[in-house]
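Undergrad: Structure file target16.txt, compact mmCIF, N, CA and C atoms and all ligand atoms, is pasted below:
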```txt
# COMPACT_ATOMS: atom_id res chain seq x y z
N MET A 1 -14.49 2.54 14.15
CA MET A 1 -13.25 2.84 13.40
C MET A 1 -12.09 1.98 13.95
N SER A 2 -11.45 1.23 13.09
CA SER A 2 -10.36 0.37 13.55
C SER A 2 -9.06 1.19 13.64
N ASN A 3 -8.05 0.63 14.26
CA ASN A 3 -6.81 1.39 14.42
C ASN A 3 -5.66 0.81 13.60
N GLN A 4 -5.99 -0.04 12.61
CA GLN A 4 -4.91 -0.59 11.78
C GLN A 4 -5.22 -0.44 10.29
N THR A 5 -4.15 -0.34 9.50
CA THR A 5 -4.30 -0.32 8.04
C THR A 5 -3.14 -1.10 7.42
N LEU A 6 -3.28 -1.41 6.14
CA LEU A 6 -2.24 -2.18 5.45
C LEU A 6 -1.64 -1.30 4.36
N THR A 7 -0.33 -1.25 4.32
CA THR A 7 0.34 -0.52 3.24
C THR A 7 1.26 -1.44 2.46
N MET A 8 1.48 -1.09 1.20
CA MET A 8 2.55 -1.70 0.40
C MET A 8 3.38 -0.56 -0.16
N ILE A 9 4.71 -0.72 -0.09
CA ILE A 9 5.60 0.15 -0.87
C ILE A 9 5.78 -0.59 -2.19
N LYS A 10 5.36 0.06 -3.27
CA LYS A 10 5.21 -0.63 -4.56
C LYS A 10 6.53 -0.72 -5.33
N PRO A 11 6.56 -1.58 -6.37
CA PRO A 11 7.81 -1.84 -7.09
C PRO A 11 8.54 -0.59 -7.59
N ASP A 12 7.82 0.42 -8.07
CA ASP A 12 8.52 1.61 -8.59
C ASP A 12 9.31 2.31 -7.49
N ALA A 13 8.69 2.44 -6.31
CA ALA A 13 9.36 3.12 -5.20
C ALA A 13 10.52 2.28 -4.66
N MET A 14 10.35 0.96 -4.67
CA MET A 14 11.43 0.07 -4.21
C MET A 14 12.64 0.20 -5.14
N LYS A 15 12.38 0.15 -6.45
CA LYS A 15 13.47 0.23 -7.44
C LYS A 15 14.24 1.54 -7.33
N LYS A 16 13.54 2.61 -7.01
CA LYS A 16 14.19 3.92 -6.94
C LYS A 16 14.86 4.17 -5.58
N GLY A 17 14.76 3.21 -4.66
CA GLY A 17 15.42 3.36 -3.36
C GLY A 17 14.69 4.27 -2.39
N TYR A 18 13.37 4.38 -2.55
CA TYR A 18 12.59 5.29 -1.72
C TYR A 18 12.03 4.65 -0.44
N SER A 19 12.28 3.34 -0.25
CA SER A 19 11.58 2.67 0.86
C SER A 19 11.96 3.27 2.22
N GLY A 20 13.23 3.62 2.40
CA GLY A 20 13.65 4.20 3.68
C GLY A 20 12.95 5.54 3.94
N GLY A 21 12.91 6.38 2.91
CA GLY A 21 12.27 7.69 3.03
C GLY A 21 10.78 7.56 3.31
N ILE A 22 10.14 6.58 2.67
CA ILE A 22 8.70 6.38 2.86
C ILE A 22 8.43 5.87 4.28
N LEU A 23 9.24 4.90 4.74
CA LEU A 23 9.04 4.40 6.12
C LEU A 23 9.29 5.51 7.14
N ASP A 24 10.22 6.40 6.83
CA ASP A 24 10.49 7.53 7.72
C ASP A 24 9.26 8.45 7.80
N MET A 25 8.64 8.74 6.65
CA MET A 25 7.42 9.58 6.67
C MET A 25 6.30 8.88 7.44
N ILE A 26 6.22 7.55 7.30
CA ILE A 26 5.16 6.79 7.98
C ILE A 26 5.35 6.87 9.50
N THR A 27 6.57 6.63 9.97
CA THR A 27 6.77 6.64 11.43
C THR A 27 6.68 8.07 11.97
N LYS A 28 7.20 9.04 11.22
CA LYS A 28 7.08 10.45 11.67
C LYS A 28 5.63 10.91 11.64
N GLY A 29 4.80 10.25 10.82
CA GLY A 29 3.37 10.56 10.77
C GLY A 29 2.60 9.97 11.93
N GLY A 30 3.29 9.26 12.82
CA GLY A 30 2.65 8.75 14.03
C GLY A 30 2.13 7.33 13.93
N PHE A 31 2.54 6.61 12.89
CA PHE A 31 2.09 5.22 12.73
C PHE A 31 3.13 4.28 13.35
N ARG A 32 2.63 3.29 14.08
CA ARG A 32 3.50 2.26 14.66
C ARG A 32 3.48 1.05 13.73
N ILE A 33 4.66 0.47 13.48
CA ILE A 33 4.74 -0.70 12.59
C ILE A 33 4.44 -1.96 13.40
N VAL A 34 3.34 -2.61 13.07
CA VAL A 34 2.88 -3.83 13.76
C VAL A 34 3.51 -5.06 13.12
N ALA A 35 3.67 -5.01 11.79
CA ALA A 35 4.24 -6.13 11.01
C ALA A 35 4.86 -5.54 9.76
N LEU A 36 5.93 -6.19 9.27
CA LEU A 36 6.59 -5.67 8.07
C LEU A 36 7.34 -6.79 7.36
N LYS A 37 7.25 -6.86 6.04
CA LYS A 37 8.07 -7.82 5.29
C LYS A 37 8.35 -7.33 3.89
N GLN A 38 9.52 -7.77 3.36
CA GLN A 38 9.81 -7.57 1.95
C GLN A 38 9.46 -8.87 1.23
N THR A 39 8.74 -8.75 0.14
CA THR A 39 8.31 -9.95 -0.59
C THR A 39 8.10 -9.58 -2.05
N LYS A 40 7.79 -10.57 -2.88
CA LYS A 40 7.49 -10.28 -4.29
C LYS A 40 6.21 -11.03 -4.65
N LEU A 41 5.24 -10.31 -5.16
CA LEU A 41 3.96 -10.94 -5.53
C LEU A 41 4.11 -11.65 -6.87
N THR A 42 3.57 -12.84 -6.96
CA THR A 42 3.43 -13.48 -8.28
C THR A 42 2.24 -12.80 -8.96
N PRO A 43 2.11 -12.92 -10.29
CA PRO A 43 0.92 -12.36 -10.94
C PRO A 43 -0.37 -12.92 -10.33
N GLU A 44 -0.36 -14.19 -9.94
CA GLU A 44 -1.56 -14.80 -9.33
C GLU A 44 -1.90 -14.12 -8.00
N LYS A 45 -0.88 -13.92 -7.16
CA LYS A 45 -1.14 -13.31 -5.85
C LYS A 45 -1.54 -11.83 -6.01
N ALA A 46 -0.90 -11.13 -6.95
CA ALA A 46 -1.28 -9.73 -7.20
C ALA A 46 -2.74 -9.66 -7.69
N GLY A 47 -3.11 -10.61 -8.53
CA GLY A 47 -4.48 -10.66 -9.04
C GLY A 47 -5.48 -10.90 -7.92
N GLU A 48 -5.08 -11.75 -6.97
CA GLU A 48 -5.94 -12.04 -5.81
C GLU A 48 -6.08 -10.78 -4.94
N PHE A 49 -4.96 -10.11 -4.69
CA PHE A 49 -5.00 -8.91 -3.84
C PHE A 49 -5.91 -7.84 -4.43
N TYR A 50 -5.81 -7.66 -5.76
CA TYR A 50 -6.57 -6.58 -6.41
C TYR A 50 -7.84 -7.09 -7.10
N GLU A 51 -8.36 -8.21 -6.62
CA GLU A 51 -9.54 -8.82 -7.24
C GLU A 51 -10.72 -7.83 -7.39
N VAL A 52 -10.86 -6.91 -6.43
CA VAL A 52 -11.96 -5.92 -6.50
C VAL A 52 -11.89 -5.07 -7.76
N HIS A 53 -10.68 -4.97 -8.35
CA HIS A 53 -10.52 -4.14 -9.55
C HIS A 53 -10.55 -4.96 -10.85
N LYS A 54 -10.98 -6.23 -10.73
CA LYS A 54 -10.93 -7.17 -11.86
C LYS A 54 -11.58 -6.63 -13.14
N GLU A 55 -12.66 -5.89 -12.99
CA GLU A 55 -13.39 -5.41 -14.17
C GLU A 55 -12.83 -4.09 -14.71
N ARG A 56 -11.87 -3.50 -14.00
CA ARG A 56 -11.36 -2.19 -14.43
C ARG A 56 -10.44 -2.36 -15.65
N PRO A 57 -10.41 -1.36 -16.53
CA PRO A 57 -9.57 -1.47 -17.73
C PRO A 57 -8.07 -1.57 -17.42
N PHE A 58 -7.67 -1.07 -16.24
CA PHE A 58 -6.24 -1.06 -15.91
C PHE A 58 -5.81 -2.31 -15.14
N TYR A 59 -6.71 -3.27 -14.95
CA TYR A 59 -6.41 -4.44 -14.10
C TYR A 59 -5.14 -5.20 -14.58
N GLY A 60 -5.07 -5.47 -15.89
CA GLY A 60 -3.92 -6.22 -16.42
C GLY A 60 -2.62 -5.50 -16.17
N GLU A 61 -2.62 -4.22 -16.44
CA GLU A 61 -1.44 -3.37 -16.23
C GLU A 61 -1.05 -3.34 -14.75
N LEU A 62 -2.08 -3.27 -13.89
CA LEU A 62 -1.85 -3.21 -12.44
C LEU A 62 -1.18 -4.50 -11.94
N ILE A 63 -1.67 -5.64 -12.42
CA ILE A 63 -1.12 -6.94 -12.00
C ILE A 63 0.32 -7.09 -12.47
N GLU A 64 0.56 -6.69 -13.73
CA GLU A 64 1.91 -6.80 -14.29
C GLU A 64 2.89 -5.93 -13.48
N TYR A 65 2.47 -4.72 -13.20
CA TYR A 65 3.30 -3.78 -12.44
C TYR A 65 3.54 -4.28 -11.02
N MET A 66 2.48 -4.72 -10.33
CA MET A 66 2.62 -5.10 -8.93
C MET A 66 3.42 -6.39 -8.74
N SER A 67 3.59 -7.17 -9.83
CA SER A 67 4.41 -8.38 -9.72
C SER A 67 5.77 -8.19 -10.40
N SER A 68 6.12 -6.94 -10.74
CA SER A 68 7.35 -6.68 -11.52
C SER A 68 8.61 -6.61 -10.65
N GLY A 69 8.46 -6.58 -9.34
CA GLY A 69 9.63 -6.47 -8.47
C GLY A 69 9.21 -6.57 -7.02
N PRO A 70 10.20 -6.58 -6.12
CA PRO A 70 9.87 -6.69 -4.69
C PRO A 70 9.04 -5.52 -4.19
N ILE A 71 8.29 -5.80 -3.15
CA ILE A 71 7.51 -4.77 -2.45
C ILE A 71 7.80 -4.91 -0.96
N ILE A 72 7.41 -3.91 -0.19
CA ILE A 72 7.36 -4.05 1.27
C ILE A 72 5.90 -3.93 1.67
N ALA A 73 5.44 -4.90 2.45
CA ALA A 73 4.07 -4.86 3.00
C ALA A 73 4.20 -4.61 4.49
N ALA A 74 3.29 -3.81 5.05
CA ALA A 74 3.33 -3.52 6.49
C ALA A 74 1.93 -3.26 7.02
N ILE A 75 1.73 -3.68 8.26
CA ILE A 75 0.52 -3.30 9.00
C ILE A 75 0.90 -2.11 9.88
N LEU A 76 0.11 -1.06 9.81
CA LEU A 76 0.38 0.17 10.56
C LEU A 76 -0.73 0.43 11.56
N GLU A 77 -0.34 0.96 12.72
CA GLU A 77 -1.33 1.21 13.78
C GLU A 77 -1.31 2.67 14.22
N LYS A 78 -2.49 3.22 14.34
CA LYS A 78 -2.69 4.61 14.79
C LYS A 78 -4.19 4.77 14.96
N GLU A 79 -4.61 5.68 15.81
CA GLU A 79 -6.04 5.99 15.88
C GLU A 79 -6.51 6.42 14.48
N ASN A 80 -7.67 5.97 14.05
CA ASN A 80 -8.20 6.31 12.71
C ASN A 80 -7.18 6.00 11.60
N ALA A 81 -6.57 4.81 11.69
CA ALA A 81 -5.44 4.48 10.81
C ALA A 81 -5.80 4.58 9.32
N VAL A 82 -6.94 4.03 8.91
CA VAL A 82 -7.28 3.99 7.48
C VAL A 82 -7.38 5.42 6.93
N THR A 83 -8.17 6.24 7.60
CA THR A 83 -8.40 7.61 7.13
C THR A 83 -7.12 8.44 7.20
N ASP A 84 -6.42 8.34 8.31
CA ASP A 84 -5.23 9.18 8.47
C ASP A 84 -4.12 8.74 7.52
N PHE A 85 -4.03 7.44 7.24
CA PHE A 85 -2.98 7.00 6.33
C PHE A 85 -3.30 7.44 4.90
N ARG A 86 -4.57 7.41 4.52
CA ARG A 86 -4.92 7.88 3.18
C ARG A 86 -4.64 9.38 3.03
N LYS A 87 -4.77 10.11 4.13
CA LYS A 87 -4.38 11.53 4.09
C LYS A 87 -2.87 11.66 3.88
N LEU A 88 -2.11 10.82 4.60
CA LEU A 88 -0.64 10.90 4.50
C LEU A 88 -0.16 10.49 3.11
N ILE A 89 -0.81 9.51 2.48
CA ILE A 89 -0.30 9.10 1.16
C ILE A 89 -0.74 10.05 0.05
N GLY A 90 -1.88 10.70 0.18
CA GLY A 90 -2.31 11.66 -0.84
C GLY A 90 -3.13 11.00 -1.94
N ALA A 91 -3.55 11.81 -2.90
CA ALA A 91 -4.45 11.35 -3.97
C ALA A 91 -3.81 10.24 -4.81
N THR A 92 -4.68 9.34 -5.35
CA THR A 92 -4.21 8.23 -6.20
C THR A 92 -3.33 8.76 -7.33
N ASN A 93 -3.79 9.84 -7.96
CA ASN A 93 -3.00 10.48 -9.01
C ASN A 93 -2.05 11.50 -8.37
N PRO A 94 -0.73 11.24 -8.44
CA PRO A 94 0.21 12.13 -7.74
C PRO A 94 0.12 13.58 -8.21
N ALA A 95 -0.39 13.80 -9.42
CA ALA A 95 -0.56 15.18 -9.92
C ALA A 95 -1.55 15.96 -9.04
N ASN A 96 -2.44 15.21 -8.37
CA ASN A 96 -3.43 15.85 -7.49
C ASN A 96 -3.05 15.75 -6.01
N ALA A 97 -1.91 15.15 -5.72
CA ALA A 97 -1.53 14.92 -4.31
C ALA A 97 -1.02 16.21 -3.69
N GLU A 98 -1.42 16.42 -2.44
CA GLU A 98 -1.03 17.65 -1.75
C GLU A 98 0.43 17.62 -1.30
N GLU A 99 1.00 18.78 -1.14
CA GLU A 99 2.33 18.97 -0.57
C GLU A 99 2.41 18.25 0.78
N GLY A 100 3.53 17.57 1.02
CA GLY A 100 3.70 16.90 2.31
C GLY A 100 3.19 15.47 2.31
N THR A 101 2.58 15.03 1.20
CA THR A 101 2.10 13.64 1.14
C THR A 101 3.18 12.74 0.50
N ILE A 102 3.05 11.45 0.78
CA ILE A 102 4.04 10.49 0.26
C ILE A 102 4.00 10.48 -1.27
N ARG A 103 2.79 10.49 -1.84
CA ARG A 103 2.72 10.42 -3.31
C ARG A 103 3.23 11.70 -3.97
N LYS A 104 3.02 12.84 -3.32
CA LYS A 104 3.57 14.08 -3.88
C LYS A 104 5.08 13.96 -3.99
N GLN A 105 5.69 13.38 -2.95
CA GLN A 105 7.15 13.31 -2.92
C GLN A 105 7.72 12.17 -3.76
N TYR A 106 7.02 11.02 -3.79
CA TYR A 106 7.67 9.82 -4.33
C TYR A 106 6.97 9.15 -5.52
N ALA A 107 5.71 9.52 -5.84
CA ALA A 107 5.01 8.79 -6.90
C ALA A 107 5.29 9.39 -8.27
N THR A 108 5.14 8.54 -9.29
CA THR A 108 5.43 8.95 -10.67
C THR A 108 4.16 9.22 -11.45
N SER A 109 3.17 8.33 -11.31
CA SER A 109 1.95 8.41 -12.14
C SER A 109 0.81 7.73 -11.40
N VAL A 110 -0.38 7.77 -11.99
CA VAL A 110 -1.54 7.15 -11.35
C VAL A 110 -1.35 5.64 -11.20
N ALA A 111 -0.61 5.03 -12.11
CA ALA A 111 -0.35 3.58 -12.01
C ALA A 111 0.81 3.32 -11.05
N GLU A 112 1.92 4.03 -11.27
CA GLU A 112 3.12 3.84 -10.44
C GLU A 112 3.08 4.88 -9.31
N ASN A 113 2.22 4.59 -8.33
CA ASN A 113 1.95 5.63 -7.34
C ASN A 113 2.56 5.34 -5.96
N ALA A 114 3.67 4.58 -5.97
CA ALA A 114 4.59 4.44 -4.82
C ALA A 114 4.07 3.63 -3.63
N VAL A 115 2.84 3.87 -3.23
CA VAL A 115 2.32 3.20 -2.03
C VAL A 115 0.85 2.83 -2.19
N HIS A 116 0.47 1.81 -1.44
CA HIS A 116 -0.94 1.43 -1.31
C HIS A 116 -1.38 1.68 0.12
N GLY A 117 -2.63 2.06 0.30
CA GLY A 117 -3.22 2.12 1.63
C GLY A 117 -4.63 1.57 1.57
N SER A 118 -5.01 0.75 2.53
CA SER A 118 -6.37 0.17 2.55
C SER A 118 -7.41 1.29 2.49
N ASP A 119 -8.56 0.98 1.83
CA ASP A 119 -9.58 2.03 1.69
C ASP A 119 -10.73 1.90 2.69
N SER A 120 -10.71 0.87 3.54
CA SER A 120 -11.75 0.72 4.56
C SER A 120 -11.23 -0.19 5.66
N ASP A 121 -11.90 -0.17 6.81
CA ASP A 121 -11.49 -1.06 7.91
C ASP A 121 -11.63 -2.53 7.50
N ASP A 122 -12.70 -2.85 6.77
CA ASP A 122 -12.90 -4.24 6.34
C ASP A 122 -11.76 -4.68 5.44
N ASN A 123 -11.40 -3.83 4.47
CA ASN A 123 -10.30 -4.20 3.57
C ASN A 123 -8.95 -4.21 4.29
N ALA A 124 -8.78 -3.37 5.29
CA ALA A 124 -7.54 -3.39 6.07
C ALA A 124 -7.35 -4.76 6.71
N LYS A 125 -8.42 -5.34 7.22
CA LYS A 125 -8.33 -6.66 7.85
C LYS A 125 -8.04 -7.73 6.80
N ILE A 126 -8.80 -7.70 5.70
CA ILE A 126 -8.61 -8.69 4.62
C ILE A 126 -7.17 -8.61 4.09
N GLU A 127 -6.69 -7.40 3.84
CA GLU A 127 -5.36 -7.21 3.25
C GLU A 127 -4.25 -7.56 4.25
N SER A 128 -4.46 -7.29 5.53
CA SER A 128 -3.46 -7.66 6.55
C SER A 128 -3.36 -9.17 6.65
N ASP A 129 -4.51 -9.85 6.61
CA ASP A 129 -4.53 -11.31 6.69
C ASP A 129 -3.91 -11.94 5.43
N PHE A 130 -3.97 -11.22 4.32
CA PHE A 130 -3.37 -11.69 3.06
C PHE A 130 -1.85 -11.86 3.21
N PHE A 131 -1.22 -10.93 3.94
CA PHE A 131 0.25 -10.95 4.05
C PHE A 131 0.79 -11.54 5.34
N PHE A 132 0.05 -11.44 6.44
CA PHE A 132 0.66 -11.73 7.75
C PHE A 132 -0.14 -12.71 8.58
N SER A 133 0.59 -13.65 9.22
CA SER A 133 -0.01 -14.53 10.21
C SER A 133 0.00 -13.81 11.57
N ALA A 134 -0.69 -14.39 12.53
CA ALA A 134 -0.73 -13.80 13.88
C ALA A 134 0.69 -13.75 14.48
N LEU A 135 1.53 -14.74 14.15
CA LEU A 135 2.89 -14.81 14.71
C LEU A 135 3.81 -13.72 14.20
N GLU A 136 3.41 -13.05 13.13
CA GLU A 136 4.26 -12.00 12.54
C GLU A 136 3.87 -10.60 12.97
N ARG A 137 2.92 -10.53 13.93
CA ARG A 137 2.41 -9.21 14.35
C ARG A 137 2.82 -8.92 15.79
N PHE A 138 3.29 -7.71 16.04
CA PHE A 138 3.80 -7.38 17.38
C PHE A 138 3.24 -6.05 17.86
P1 LIG B 1 -3.99 1.49 -5.04
O1 LIG B 1 -4.31 2.52 -4.02
O2 LIG B 1 -3.01 0.44 -4.68
O3 LIG B 1 -5.35 0.79 -5.52
C1 LIG B 1 -5.62 0.42 -6.84
C2 LIG B 1 -4.47 0.69 -7.77
O4 LIG B 1 -4.81 0.66 -9.14
C3 LIG B 1 -4.00 2.13 -7.56
O5 LIG B 1 -3.39 2.27 -6.32
C4 LIG B 1 -3.12 2.32 -8.77
O6 LIG B 1 -1.83 1.73 -8.64
C5 LIG B 1 -3.91 1.54 -9.81
N1 LIG B 1 -4.70 2.43 -10.66
C6 LIG B 1 -5.75 3.18 -10.29
N2 LIG B 1 -6.24 3.87 -11.33
C7 LIG B 1 -5.45 3.54 -12.40
C8 LIG B 1 -5.43 3.92 -13.75
N3 LIG B 1 -6.32 4.79 -14.24
N4 LIG B 1 -4.50 3.39 -14.56
C9 LIG B 1 -3.61 2.50 -14.05
N5 LIG B 1 -3.57 2.09 -12.76
C10 LIG B 1 -4.48 2.62 -11.94
```
Kindly transcribe the structure held in the file into structure tokens.
Ligand code: CMP
TA:
Amino acid sequence: MSNQTLTMIKPDAMKKGYSGGILDMITKGGFRIVALKQTKLTPEKAGEFYEVHKERPFYGELIEYMSSGPIIAAILEKENAVTDFRKLIGATNPANAEEGTIRKQYATSVAENAVHGSDSDDNAKIESDFFFSALERF
């Protein structure tokens, strides 16, 4: 089990001014910020990030949404980071997200669900390398 995961605060949450509240929940949840940046994905880069979902019916909508505005990307560190962070963010569909989770508090819908969290240690590494060089990690 690795101790790092990759998160994005997505365009809907950024537009609504929720990034401070989300980062507060992340740090209060015991995660240390290893790397962090504000950036904006082009449709090409969003397509590359979500390539695993290429065959899904929502892929086009996902790419359009994820490139619609700035995001914050961050590498987070904690024991069992991937599993524990997915617990903190809650279910993909905020209607099913438990009380006390980030998506319960800040997400709008299954598409505009405020935050991303890596779903495995392998993907955490791939996704962290997508956004950050070694010089940007502390
Ligand atoms: P994320 O955890 O970033 O991983 C894949 C993303 O696809 C997911 O969050 C949602 O933003 C999006 N997604 C998943 N299911 C659907 C759906 N049924 N319709 C639209 N977008 C979806």
Undergrad: A:Gln38, A:Ser19, A:Ser118, A:Ser68: which is nearest Lys87 (chain A), counting only C-alpha atoms?
TA: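 Comparing A:Gln38, A:Ser19, A:Ser118, A:Ser68 against Lys87 (chain A), the winner is A:Ser118.
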Undergrad: What are the centre and the three edge lengths of an axis-aligned box that wraps all atoms of ligand LIG 1 (chain B) in the file, given that 5 Å is added to every side, written as lines of an AutoDock Vina configuration file and rounded to one decimal in Å?
TA:
```
center_x = -4.1
center_y = 2.6
center_z = -9.3
size_x = 14.5
size_y = 14.4
size_z = 20.5
```
Undergrad: Return as a Markdown table the residues of chain A lying at most 12 Å from ligand LIG 1 (chain B), together with the closest atom-to-atom pair for each and the distance in Å to one decimal, counting only C-alpha atoms and all ligand atoms, with rows in chain order and ascending residue number.
TA:
```
| residue | atom | partner | partner_atom | distance |
| --- | --- | --- | --- | --- |
| A:Leu6 | CA | B:LIG1 | O2 | 10.5 |
| A:Thr7 | CA | B:LIG1 | O2 | 8.7 |
| A:Met8 | CA | B:LIG1 | O2 | 7.8 |
| A:Ile9 | CA | B:LIG1 | O2 | 9.4 |
| A:Lys10 | CA | B:LIG1 | O2 | 8.3 |
| A:Pro11 | CA | B:LIG1 | O6 | 10.4 |
| A:Asp12 | CA | B:LIG1 | O6 | 10.4 |
| A:Ala13 | CA | B:LIG1 | O6 | 11.8 |
| A:Ala46 | CA | B:LIG1 | O2 | 10.6 |
| A:Gly47 | CA | B:LIG1 | O4 | 11.3 |
| A:Phe49 | CA | B:LIG1 | O2 | 9.6 |
| A:Tyr50 | CA | B:LIG1 | C1 | 7.1 |
| A:Glu51 | CA | B:LIG1 | C1 | 10.0 |
| A:Val52 | CA | B:LIG1 | C1 | 9.0 |
| A:His53 | CA | B:LIG1 | C1 | 7.2 |
| A:Lys54 | CA | B:LIG1 | O4 | 10.3 |
| A:Glu55 | CA | B:LIG1 | O4 | 11.7 |
| A:Arg56 | CA | B:LIG1 | C7 | 8.5 |
| A:Pro57 | CA | B:LIG1 | N4 | 7.7 |
| A:Phe58 | CA | B:LIG1 | C9 | 4.8 |
| A:Tyr59 | CA | B:LIG1 | N5 | 7.2 |
| A:Gly60 | CA | B:LIG1 | C9 | 9.0 |
| A:Glu61 | CA | B:LIG1 | C9 | 6.6 |
| A:Leu62 | CA | B:LIG1 | N5 | 5.6 |
| A:Ile63 | CA | B:LIG1 | O4 | 8.9 |
| A:Glu64 | CA | B:LIG1 | N5 | 10.6 |
| A:Tyr65 | CA | B:LIG1 | O6 | 8.4 |
| A:Met66 | CA | B:LIG1 | O6 | 8.2 |
| A:Ser67 | CA | B:LIG1 | O6 | 11.9 |
| A:Ile71 | CA | B:LIG1 | O2 | 11.9 |
| A:Ala73 | CA | B:LIG1 | O2 | 11.7 |
| A:Val82 | CA | B:LIG1 | O1 | 12.0 |
| A:Phe85 | CA | B:LIG1 | O1 | 11.4 |
| A:Arg86 | CA | B:LIG1 | O1 | 9.0 |
| A:Ile89 | CA | B:LIG1 | O1 | 9.3 |
| A:Gly90 | CA | B:LIG1 | O1 | 9.9 |
| A:Ala91 | CA | B:LIG1 | O1 | 8.8 |
| A:Thr92 | CA | B:LIG1 | O5 | 6.0 |
| A:Asn93 | CA | B:LIG1 | N2 | 7.7 |
| A:Pro94 | CA | B:LIG1 | C4 | 10.4 |
| A:Arg103 | CA | B:LIG1 | O1 | 10.6 |
| A:Ala107 | CA | B:LIG1 | O6 | 10.0 |
| A:Thr108 | CA | B:LIG1 | O6 | 10.4 |
| A:Ser109 | CA | B:LIG1 | C9 | 8.3 |
| A:Val110 | CA | B:LIG1 | C7 | 5.4 |
| A:Ala111 | CA | B:LIG1 | N5 | 3.6 |
| A:Glu112 | CA | B:LIG1 | O6 | 5.7 |
| A:Asn113 | CA | B:LIG1 | O6 | 5.6 |
| A:Ala114 | CA | B:LIG1 | O6 | 7.9 |
| A:Val115 | CA | B:LIG1 | O2 | 6.6 |
| A:His116 | CA | B:LIG1 | O2 | 4.1 |
| A:Gly117 | CA | B:LIG1 | O1 | 5.8 |
| A:Ser118 | CA | B:LIG1 | O1 | 7.3 |
| A:Asp119 | CA | B:LIG1 | O1 | 7.8 |
| A:Ser120 | CA | B:LIG1 | O1 | 11.5 |
| A:Asn123 | CA | B:LIG1 | O3 | 11.5 |
| A:Glu127 | CA | B:LIG1 | O2 | 11.3 |
```
Undergrad: Extract, using only C-alpha atoms, all DNA, RNA and protein residues at most 7 Å from region 79-81 of chain A, discarding same-chain residues fewer than 4 positions from it, and format them as a list in words.
TA: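 The residues satisfying every condition are Met1, Ser2, Asn3, Gln4, Thr5 and Phe85 of chain A.
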Undergrad: Let me see the file: selected residues, N, CA and C atoms, as a CSV table (one decimal), in the coordinates of the input.
TA:
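Full text of selection.csv as output:
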```
chain,number,residue,atom,x,y,z
A,1,MET,N,-14.5,2.5,14.2
A,1,MET,CA,-13.2,2.8,13.4
A,1,MET,C,-12.1,2.0,14.0
A,2,SER,N,-11.4,1.2,13.1
A,2,SER,CA,-10.4,0.4,13.6
A,2,SER,C,-9.1,1.2,13.6
A,3,ASN,N,-8.0,0.6,14.3
A,3,ASN,CA,-6.8,1.4,14.4
A,3,ASN,C,-5.7,0.8,13.6
A,4,GLN,N,-6.0,0.0,12.6
A,4,GLN,CA,-4.9,-0.6,11.8
A,4,GLN,C,-5.2,-0.4,10.3
A,5,THR,N,-4.2,-0.3,9.5
A,5,THR,CA,-4.3,-0.3,8.0
A,5,THR,C,-3.1,-1.1,7.4
A,85,PHE,N,-4.0,7.4,7.2
A,85,PHE,CA,-3.0,7.0,6.3
A,85,PHE,C,-3.3,7.4,4.9
```
Undergrad: Have a look at CA of Thr101 (chain A) and CA of Ile75 (chain A) and let me know their distance in Å, one decimal.
TA: 18.7 Å
Undergrad: What does the distance between CA of Met14 (chain A) and atom C of Tyr106 (chain A) come to in Å, to one decimal place?
TA: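 Interatomic distance here is 10.2 Å.
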Undergrad: Rounded to one decimal in Å, what is the spacing between atom N of Asp129 (chain A) and atom C of Gly21 (chain A)?
TA: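 A separation of 23.4 Å between them.
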Undergrad: Write out as a PyMOL selection string all residues of region 5-131 of chain A that backbone DSSP assigns to strand (DSSP E).
TA: chain A and resi 5-9+32-39+71-77+115-117
Undergrad: Apply DSSP to the backbone of this structure and, from chain A, keep only the residues in alpha helix (DSSP H); write these as an NGL selection string.
TA: :A and (11-15 or 19-28 or 43-49 or 59-66 or 81-89 or 102-106 or 121-131)
Undergrad: Name the closest residue to Leu76 (chain A) among the candidates A:Ala97, A:Ile33, A:Ala124, A:Leu23; distances are taken between atoms, counting only N, CA and C atoms.
TA: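 Of the candidates, the smallest distance to Leu76 (chain A) is held by A:Ile33.
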Undergrad: Taking only N, CA and C atoms into account, name the residue in A:Leu88, A:Leu41, A:Leu135, A:Ala35 that is nearest to Pro70 (chain A).
TA: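 Looking at the shortest contact to Pro70 (chain A), the residue is A:Leu41.
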